file query_12.txt (compact mmCIF, C-alpha atoms)
# COMPACT_ATOMS: atom_id res chain seq x y z
CA MET O 1 50.41 115.13 11.80
CA TYR O 2 48.65 113.10 9.11
CA LEU O 3 44.85 113.00 8.76
CA PHE O 4 43.68 109.57 7.63
CA ASP O 5 40.88 109.72 5.03
CA GLN O 6 38.35 107.10 6.16
CA LYS O 7 36.88 106.32 2.72
CA ARG O 8 36.73 103.42 0.29
CA ASN O 9 35.84 104.06 -3.36
CA GLY O 10 34.91 107.62 -2.43
CA LYS O 11 32.42 106.55 0.24
CA GLU O 12 32.82 106.79 3.99
CA VAL O 13 33.31 103.39 5.62
CA ARG O 14 31.08 102.69 8.61
CA ASP O 15 31.70 98.98 9.02
CA PRO O 16 33.22 98.70 12.55
CA ARG O 17 35.12 95.55 11.62
CA TYR O 18 36.94 97.41 8.84
CA ASN O 19 37.50 100.49 11.00
CA TYR O 20 39.17 98.53 13.78
CA ALA O 21 41.19 96.49 11.32
CA ILE O 22 42.48 99.79 9.89
CA ALA O 23 43.38 100.95 13.40
CA SER O 24 45.38 97.78 13.96
CA PHE O 25 47.16 98.16 10.61
CA LEU O 26 48.05 101.81 11.22
CA ALA O 27 49.36 101.07 14.71
CA ASN O 28 51.36 97.96 13.89
CA GLU O 29 52.33 98.02 10.21
CA LEU O 30 52.50 101.59 8.91
CA GLN O 31 55.61 103.54 9.90
CA LEU O 32 55.33 107.31 9.35
CA ASP O 33 57.42 110.23 10.54
CA GLU O 34 54.48 111.88 12.35
CA SER O 35 51.41 110.86 14.26
CA ILE O 36 48.12 109.97 12.53
CA MET O 37 44.68 111.31 13.40
CA ARG O 38 41.49 109.72 12.14
CA PHE O 39 37.75 110.33 12.45
CA TYR O 40 35.11 107.71 11.73
CA ILE O 41 31.54 106.65 12.44
CA ASN O 42 30.45 103.06 13.03
CA GLN O 43 27.24 101.32 12.24
CA PRO O 44 25.57 100.12 15.50
CA ALA O 45 28.19 98.06 17.31
CA VAL O 46 29.37 97.00 20.74
CA ILE O 47 33.13 97.27 21.09
CA ILE O 48 34.77 95.22 23.83
CA GLY O 49 38.31 95.38 25.17
CA LYS O 50 41.13 92.96 24.43
CA HIS O 51 40.76 91.01 27.68
CA GLN O 52 36.98 91.11 28.18
CA ASN O 53 34.67 88.10 28.18
CA ALA O 54 31.97 88.74 25.57
CA PHE O 55 29.56 86.33 27.26
CA ALA O 56 29.81 88.29 30.51
CA GLU O 57 29.68 91.76 28.96
CA VAL O 58 27.09 91.49 26.21
CA ASN O 59 23.64 90.05 25.53
CA LEU O 60 24.68 88.15 22.41
CA ASN O 61 21.16 87.06 21.53
CA TYR O 62 19.98 90.68 21.56
CA LEU O 63 22.89 91.79 19.35
CA GLU O 64 22.09 89.07 16.82
CA LYS O 65 18.38 89.93 16.85
CA GLU O 66 19.04 93.67 16.34
CA GLN O 67 21.89 93.08 13.86
CA ILE O 68 24.38 94.92 16.02
CA TYR O 69 28.04 94.16 15.37
CA LEU O 70 30.31 92.82 18.13
CA VAL O 71 33.95 93.83 17.66
CA ARG O 72 36.98 93.28 19.89
CA ARG O 73 39.60 96.01 20.16
CA SER O 74 43.27 95.11 20.16
CA SER O 75 43.67 97.41 23.19
CA GLY O 76 42.30 97.12 26.72
CA GLY O 77 39.49 99.05 28.36
CA GLY O 78 35.77 98.51 28.86
CA SER O 79 32.78 97.90 26.64
CA VAL O 80 31.22 100.78 24.67
CA TYR O 81 28.29 101.13 22.30
CA HIS O 82 28.61 103.03 19.01
CA ASP O 83 25.90 104.06 16.59
CA GLN O 84 25.81 106.45 13.67
CA GLY O 85 25.28 109.41 15.97
CA THR O 86 28.69 108.81 17.53
CA LEU O 87 31.75 110.52 16.04
CA ILE O 88 34.90 108.62 17.00
CA TYR O 89 38.42 109.95 16.78
CA GLY O 90 41.81 108.44 17.43
CA PHE O 91 45.50 109.30 17.51
CA ILE O 92 48.17 106.82 16.43
CA GLY O 93 51.82 107.51 17.06
CA ASP O 94 55.01 106.31 18.67
CA ASN O 95 54.76 105.20 22.31
CA ASP O 96 56.69 107.71 24.40
CA HIS O 97 55.72 105.87 27.63
CA ASP O 98 54.71 109.20 29.21
CA SER O 99 51.30 109.48 27.57
CA TYR O 100 49.91 106.08 28.58
CA GLN O 101 46.38 106.67 29.88
CA ASP O 102 46.95 110.44 29.83
CA PHE O 103 43.56 111.01 28.22
CA SER O 104 43.72 114.76 28.68
CA ARG O 105 46.61 115.01 26.16
CA PHE O 106 44.45 113.51 23.41
CA THR O 107 41.19 115.11 24.49
CA GLN O 108 42.17 118.72 25.03
CA PRO O 109 42.74 119.47 21.28
CA ILE O 110 39.16 118.33 20.60
CA VAL O 111 37.84 120.37 23.54
CA ARG O 112 39.61 123.49 22.25
CA ALA O 113 38.28 122.94 18.73
CA LEU O 114 34.71 122.56 20.01
CA GLN O 115 35.04 125.68 22.13
CA ARG O 116 36.22 127.66 19.09
CA LEU O 117 33.12 126.42 17.26
CA GLY O 118 30.93 127.87 20.01
CA VAL O 119 30.47 124.86 22.30
CA LYS O 120 31.66 126.77 25.36
CA GLU O 121 30.59 124.09 27.85
CA ALA O 122 32.88 121.47 26.27
CA GLN O 123 35.43 120.21 28.79
CA PHE O 124 37.59 117.25 29.65
CA GLY O 125 35.57 115.29 32.17
CA GLY O 126 37.56 112.23 33.17
CA ARG O 127 36.97 108.51 32.71
CA ASN O 128 34.22 107.67 30.22
CA GLY O 129 33.25 111.35 30.11
CA SER O 130 31.72 111.14 33.58
CA GLY O 131 34.34 113.02 35.54
CA GLU O 132 31.85 115.11 37.46
CA LYS O 133 29.86 112.05 38.51
CA MET O 134 32.98 110.17 39.47
CA ASP O 135 34.20 113.16 41.49
CA ASN O 136 30.88 113.13 43.32
CA PHE O 137 31.15 109.37 43.82
CA GLN O 138 34.61 109.74 45.36
CA LYS O 139 33.41 112.62 47.54
CA LEU O 140 30.42 110.67 48.88
CA THR O 141 32.53 107.55 49.44
CA LYS O 142 35.13 109.48 51.41
CA ASN O 143 32.38 111.19 53.40
CA ALA O 144 30.82 107.84 54.41
CA LEU O 145 34.19 106.35 55.37
CA ASP O 146 35.15 109.47 57.36
CA GLU O 147 31.85 109.29 59.24
CA LEU O 148 32.40 105.63 60.15
CA SER O 149 35.93 106.39 61.36
CA GLN O 150 34.48 109.01 63.69
CA VAL O 151 31.84 106.58 64.95
CA PHE O 152 34.42 103.96 65.95
CA ALA O 153 36.72 106.61 67.44
CA LYS O 154 33.88 107.62 69.78
CA MET O 155 33.04 104.08 70.90
CA ASN O 156 33.58 103.14 74.52
CA GLU O 157 36.38 100.61 74.98
CA GLU O 158 34.51 99.04 77.90
CA ASP O 159 31.51 98.35 75.63
CA VAL O 160 33.74 96.50 73.18
CA ARG O 161 35.27 94.43 75.98
CA LEU O 162 31.81 93.70 77.40
CA LEU O 163 30.57 92.35 74.07
CA LEU O 164 33.66 90.18 73.63
CA ASP O 165 33.39 88.75 77.14
CA SER O 166 29.65 88.10 76.81
CA ILE O 167 30.14 86.10 73.62
CA GLU O 168 33.19 84.18 74.86
CA LYS O 169 31.56 82.94 78.08
CA THR O 170 28.20 81.95 76.55
CA GLU O 171 27.50 78.64 74.84
CA ARG O 172 24.35 79.56 72.90
CA ILE O 173 23.74 82.92 71.25
CA PHE O 174 20.55 84.18 69.62
CA LEU O 175 20.49 87.23 67.35
CA LEU O 176 17.71 89.58 66.28
CA GLY O 177 17.49 92.62 64.04
CA ALA O 178 14.93 94.20 61.75
CA GLY O 179 15.25 95.48 58.18
CA ARG O 180 18.72 96.55 57.06
CA GLU O 181 20.02 96.34 60.63
CA GLY O 182 18.89 92.72 60.55
CA LEU O 183 21.01 91.99 57.49
CA SER O 184 24.15 93.03 59.38
CA THR O 185 23.08 91.06 62.43
CA ARG O 186 22.36 87.93 60.42
CA GLU O 187 25.85 88.13 58.91
CA PHE O 188 27.19 88.31 62.47
CA ALA O 189 25.29 85.14 63.38
CA MET O 190 26.99 83.24 60.56
CA ARG O 191 30.44 84.50 61.54
CA LEU O 192 29.85 83.44 65.16
CA MET O 193 29.06 79.97 63.85
CA HIS O 194 32.35 80.05 61.90
CA LEU O 195 34.07 80.80 65.23
CA GLY O 196 32.60 77.60 66.65
CA LYS O 197 29.76 79.19 68.59
CA GLU O 198 26.23 77.79 68.63
CA ALA O 199 24.60 80.85 67.08
CA HIS O 200 21.01 81.16 65.89
CA TRP O 201 19.35 83.82 63.76
CA LEU O 202 15.93 84.16 65.36
CA TRP O 203 13.87 83.95 62.16
CA ASP O 204 15.39 80.68 60.94
CA ASP O 205 12.95 77.74 60.91
CA THR O 206 15.43 75.58 62.82
CA THR O 207 16.01 78.04 65.69
CA PRO O 208 15.49 76.26 69.04
CA GLU O 209 13.80 77.69 72.10
CA VAL O 210 15.67 80.17 74.28
CA ARG O 211 16.85 78.79 77.63
CA PRO O 212 18.16 80.33 80.85
CA GLY O 213 21.75 81.53 80.50
CA ASP O 214 21.57 82.04 76.73
CA LEU O 215 22.80 85.33 75.27
CA PHE O 216 20.18 87.19 73.26
CA ILE O 217 21.69 89.97 71.08
CA CYS O 218 19.35 92.55 69.55
CA ALA O 219 20.53 95.36 67.26
CA CYS O 220 17.94 98.13 67.14
CA GLY O 221 18.56 101.71 66.05
CA SER O 222 15.60 103.24 67.86
CA ALA O 223 15.60 100.78 70.80
CA ASP O 224 11.85 100.70 70.41
CA VAL O 225 10.30 98.55 67.65
CA SER O 226 7.05 96.86 68.62
CA HIS O 227 7.76 93.29 67.48
CA GLU O 228 11.34 93.42 68.76
CA ASN O 229 10.05 94.68 72.12
CA VAL O 230 7.79 91.62 72.42
CA ILE O 231 10.47 89.12 71.33
CA CYS O 232 13.15 90.57 73.60
CA ASN O 233 10.74 90.61 76.53
CA ASN O 234 9.90 86.94 75.89
CA ALA O 235 13.62 86.10 75.75
CA LYS O 236 14.10 87.82 79.11
CA GLN O 237 11.22 85.87 80.63
CA ALA O 238 12.82 82.65 79.33
CA GLY O 239 15.95 83.50 81.33
CA ALA O 240 18.24 84.83 78.59
CA ASN O 241 20.63 87.73 79.09
CA LEU O 242 19.53 90.54 76.77
CA LEU O 243 22.34 92.48 75.09
CA LEU O 244 21.14 95.52 73.16
CA ILE O 245 23.24 97.27 70.49
CA THR O 246 21.86 100.74 69.75
CA PRO O 247 22.77 104.41 69.36
CA SER O 248 19.53 105.59 70.97
CA SER O 249 19.24 107.26 74.37
CA GLU O 250 15.57 106.36 74.83
CA GLY O 251 13.39 103.38 74.03
CA TYR O 252 11.66 100.41 75.64
CA LEU O 253 14.51 97.99 74.99
CA LEU O 254 16.89 100.15 77.02
CA SER O 255 14.64 99.64 80.03
CA ILE O 256 14.82 95.83 79.91
CA ALA O 257 18.32 95.17 78.54
CA ASP O 258 20.92 93.57 80.82
CA ILE O 259 23.78 94.96 78.73
CA VAL O 260 23.74 98.00 76.43
CA ILE O 261 26.40 98.56 73.77
CA LYS O 262 26.25 102.08 72.36
CA VAL O 263 27.28 102.68 68.75
CA PRO O 264 27.37 106.52 68.48
CA SER O 265 25.87 106.85 65.03
CA MET O 266 22.72 108.21 63.38
CA ALA O 267 19.86 105.73 63.07
CA TYR O 268 16.31 105.92 61.82
CA LYS O 269 13.91 107.16 64.55
CA ALA O 270 16.57 107.05 67.25
CA VAL O 271 16.32 109.52 70.14
CA TYR O 272 19.41 111.46 71.25
CA HIS O 273 19.91 113.66 74.30
CA SER O 274 22.89 115.56 72.93
CA GLU O 275 25.19 115.83 69.94
CA ASP O 276 27.73 113.74 71.86
CA ASP O 277 25.47 110.72 71.34
CA TYR O 278 26.13 110.46 67.62
CA VAL O 279 28.27 111.43 64.64
CA ALA O 280 26.49 113.82 62.29
CA THR O 281 25.76 112.37 58.87
CA ASN O 282 24.95 113.45 55.33
CA GLN O 283 23.67 109.98 54.48
CA THR O 284 20.13 108.74 54.03
CA MET O 285 18.01 107.73 57.02
CA GLY O 286 19.74 105.02 59.08
CA ASN O 287 22.57 104.24 56.67
CA GLN O 288 25.32 105.26 59.05
CA PHE O 289 24.21 102.95 61.89
CA GLU O 290 23.63 100.03 59.52
CA GLN O 291 27.07 100.43 57.95
CA ALA O 292 28.68 100.79 61.37
CA LEU O 293 26.98 97.59 62.56
CA LEU O 294 28.39 95.54 59.68
CA ILE O 295 31.96 96.75 60.20
CA PHE O 296 31.66 96.61 64.01
CA PHE O 297 30.53 92.98 63.90
CA ASP O 298 33.29 92.01 61.46
CA VAL O 299 35.95 93.59 63.69
CA ILE O 300 34.51 91.85 66.77
CA VAL O 301 34.78 88.54 64.90
CA MET O 302 38.44 89.23 64.06
CA MET O 303 39.17 90.03 67.72
CA LEU O 304 37.38 86.90 68.90
CA LYS O 305 39.26 84.79 66.37
CA ASP O 306 42.56 85.96 67.84
CA GLU O 307 41.42 85.59 71.46
CA LEU O 308 40.15 82.07 70.83
CA GLY O 309 43.41 81.13 69.11
CA LEU O 310 41.71 80.34 65.80
CA THR O 311 42.98 80.78 62.25
CA ASN O 312 41.23 81.75 59.02
CA GLU O 313 41.64 78.11 57.97
CA ASP O 314 39.71 76.98 61.07
CA MET O 315 36.82 79.26 60.17
CA GLU O 316 36.88 78.30 56.50
CA ALA O 317 36.72 74.61 57.49
CA ARG O 318 33.49 75.24 59.39
CA HIS O 319 32.15 77.18 56.43
CA ARG O 320 32.88 74.28 54.05
CA ASN O 321 31.25 71.81 56.43
CA VAL O 322 28.07 73.88 56.42
CA GLU O 323 28.03 74.09 52.62

call {"tool": "encode", "arguments": {"input": "query_12.txt", "output": "structure tokens"}}
result
Amino acid sequence: MYLFDQKRNGKEVRDPRYNYAIASFLANELQLDESIMRFYINQPAVIIGKHQNAFAEVNLNYLEKEQIYLVRRSSGGGSVYHDQGTLIYGFIGDNDHDSYQDFSRFTQPIVRALQRLGVKEAQFGGRNGSGEKMDNFQKLTKNALDELSQVFAKMNEEDVRLLLDSIEKTERIFLLGAGREGLSTREFAMRLMHLGKEAHWLWDDTTPEVRPGDLFICACGSADVSHENVICNNAKQAGANLLLITPSSEGYLLSIADIVIKVPSMAYKAVYHSEDDYVATNQTMGNQFEQALLIFFDVIVMMLKDELGLTNEDMEARHRNVE
């Protein structure tokens, strides 16, 4: 292996433009019988990948103000920042097609050298040196998805059918939810409109009055939130059918609802009578119920689309008309 001496006129070169030009020359023009290794340090610079959009990746005005170089690599990858506290190394050799993106092959020699120098904690950590964080990210993602799969596996098929039938046979539908649960419910209101239903999110300024025979859907984790209690009670008095979506086993709204759809998940301040009422969670507060609501509503929309004989194009046409 050859070690490339990164100097010009006896002085180390730290101009990133020169350093990346050298890398391109060594990779494309110089043919040697062994691989090349090089170490270098750049003056402050942002290095972007071959296919990246500089306007999307970088604050160009800030770079100009701070006199930070912007350099494009001839290879792919993401954006990185270099300064004079960053030691960069690279290997240049023939492409054997087996080493592509095998970062461990090129990193392990450096790890072993650092360990011999006494840096015992040095290790190969994965993409962008954040392997441990990415491992945790993947673990938490899988955990959340596994929890949601269990929630839907525990749902009562009759509840799903009841929700579908209630929506199909009703002309006007009103929807209510608070906080993060409300965000999922509001998305459901828009999708019902895309299906051709007259759907109203309660807090919109253009929402009309509730009339007898309307369907009033409320998603509430605890089944007992003071302002939702009042609104749902008023809807009942106006003659609407109240459909409550909740995981809770107690709460005022359960006592007045005409239809109750149970989503067996953990919600903030919900009351449960047994462990069968929910899927245990490692997530924060009511995350599991809120996530389950969003996916549950989207699946209900897909089922309604098929039952009503609609296509994605039909729904997109209504979306364009609204825009």

call {"tool": "residues_around", "arguments": {"input": "query_12.txt", "residues": "range 105-113 of chain O", "least_positions_apart": "4", "cutoff": "8 Å", "atoms": "all atoms listed in the file", "output": "ChimeraX atom specification"}}
result
/O:91,99,117,122-124

call {"tool": "residues_around", "arguments": {"input": "query_12.txt", "residues": "range 152-157 of chain O", "least_positions_apart": "5", "cutoff": "12 Å", "atoms": "all atoms listed in the file", "output": "PDB file with C-alpha atoms, in the coordinates of the input"}}
result
ATOM      1  CA  LEU O 145      34.190 106.350  55.370  1.00  0.00           C
ATOM      2  CA  ASP O 146      35.150 109.470  57.360  1.00  0.00           C
ATOM      3  CA  GLU O 147      31.850 109.290  59.240  1.00  0.00           C
ATOM      4  CA  LEU O 162      31.810  93.700  77.400  1.00  0.00           C
ATOM      5  CA  LEU O 163      30.570  92.350  74.070  1.00  0.00           C
ATOM      6  CA  LEU O 164      33.660  90.180  73.630  1.00  0.00           C
ATOM      7  CA  ILE O 245      23.240  97.270  70.490  1.00  0.00           C
ATOM      8  CA  THR O 246      21.860 100.740  69.750  1.00  0.00           C
ATOM      9  CA  PRO O 247      22.770 104.410  69.360  1.00  0.00           C
ATOM     10  CA  VAL O 260      23.740  98.000  76.430  1.00  0.00           C
ATOM     11  CA  ILE O 261      26.400  98.560  73.770  1.00  0.00           C
ATOM     12  CA  LYS O 262      26.250 102.080  72.360  1.00  0.00           C
ATOM     13  CA  VAL O 263      27.280 102.680  68.750  1.00  0.00           C
ATOM     14  CA  PRO O 264      27.370 106.520  68.480  1.00  0.00           C
ATOM     15  CA  SER O 265      25.870 106.850  65.030  1.00  0.00           C
ATOM     16  CA  GLU O 275      25.190 115.830  69.940  1.00  0.00           C
ATOM     17  CA  ASP O 276      27.730 113.740  71.860  1.00  0.00           C
ATOM     18  CA  ASP O 277      25.470 110.720  71.340  1.00  0.00           C
ATOM     19  CA  TYR O 278      26.130 110.460  67.620  1.00  0.00           C
ATOM     20  CA  VAL O 279      28.270 111.430  64.640  1.00  0.00           C
ATOM     21  CA  GLN O 288      25.320 105.260  59.050  1.00  0.00           C
ATOM     22  CA  PHE O 289      24.210 102.950  61.890  1.00  0.00           C
ATOM     23  CA  GLN O 291      27.070 100.430  57.950  1.00  0.00           C
ATOM     24  CA  ALA O 292      28.680 100.790  61.370  1.00  0.00           C
ATOM     25  CA  LEU O 293      26.980  97.590  62.560  1.00  0.00           C
ATOM     26  CA  ILE O 295      31.960  96.750  60.200  1.00  0.00           C
ATOM     27  CA  PHE O 296      31.660  96.610  64.010  1.00  0.00           C
ATOM     28  CA  PHE O 297      30.530  92.980  63.900  1.00  0.00           C
ATOM     29  CA  VAL O 299      35.950  93.590  63.690  1.00  0.00           C
TER      30      VAL O 299
END

call {"tool": "atom_distance", "arguments": {"input": "query_12.txt", "atom1": "CA of Leu244 in chain O", "atom2": "CA of Ala270 in chain O"}}
result
13.7 Å

call {"tool": "closest_atom_pairs", "arguments": {"input": "query_12.txt", "of": "range 241-310 of chain O", "to": "range 207-225 of chain O", "cutoff": "7 Å", "atoms": "only C-alpha atoms", "output": "CSV"}}
result
residue,atom,partner,partner_atom,distance
O:Asn241,CA,O:Leu215,CA,5.0
O:Leu242,CA,O:Phe216,CA,4.9
O:Leu243,CA,O:Ile217,CA,4.8
O:Leu244,CA,O:Cys218,CA,5.0
O:Ile245,CA,O:Ala219,CA,4.6
O:Thr246,CA,O:Gly221,CA,5.1
O:Pro247,CA,O:Gly221,CA,6.0
O:Ser248,CA,O:Ser222,CA,5.5
O:Glu250,CA,O:Ala223,CA,6.9
O:Gly251,CA,O:Ala223,CA,4.7
O:Tyr252,CA,O:Asp224,CA,5.2
O:Leu253,CA,O:Ala223,CA,5.2
O:Leu254,CA,O:Ala223,CA,6.4
O:Ala267,CA,O:Gly221,CA,5.2
O:Tyr268,CA,O:Gly221,CA,6.4
O:Lys269,CA,O:Ser222,CA,5.4
O:Ala270,CA,O:Ser222,CA,4.0
O:Val271,CA,O:Ser222,CA,6.7

call {"tool": "closest_residue", "arguments": {"input": "query_12.txt", "among": "O:Ala280, O:Ile259, O:Leu308, O:Leu183", "to": "Ser166 in chain O", "atoms": "only C-alpha atoms"}}
result
O:Ile259

call {"tool": "atom_distance", "arguments": {"input": "query_12.txt", "atom1": "CA of Ala235 in chain O", "atom2": "CA of Tyr272 in chain O"}}
result
26.4 Å

call {"tool": "closest_residue", "arguments": {"input": "query_12.txt", "among": "O:Gly77, O:Pro44, O:Gly90, O:Gly179", "to": "Gly286 in chain O", "atoms": "all atoms listed in the file"}}
result
O:Gly179

call {"tool": "atom_distance", "arguments": {"input": "query_12.txt", "atom1": "CA of Ala144 in chain O", "atom2": "CA of Gly78 in chain O"}}
result
27.6 Å
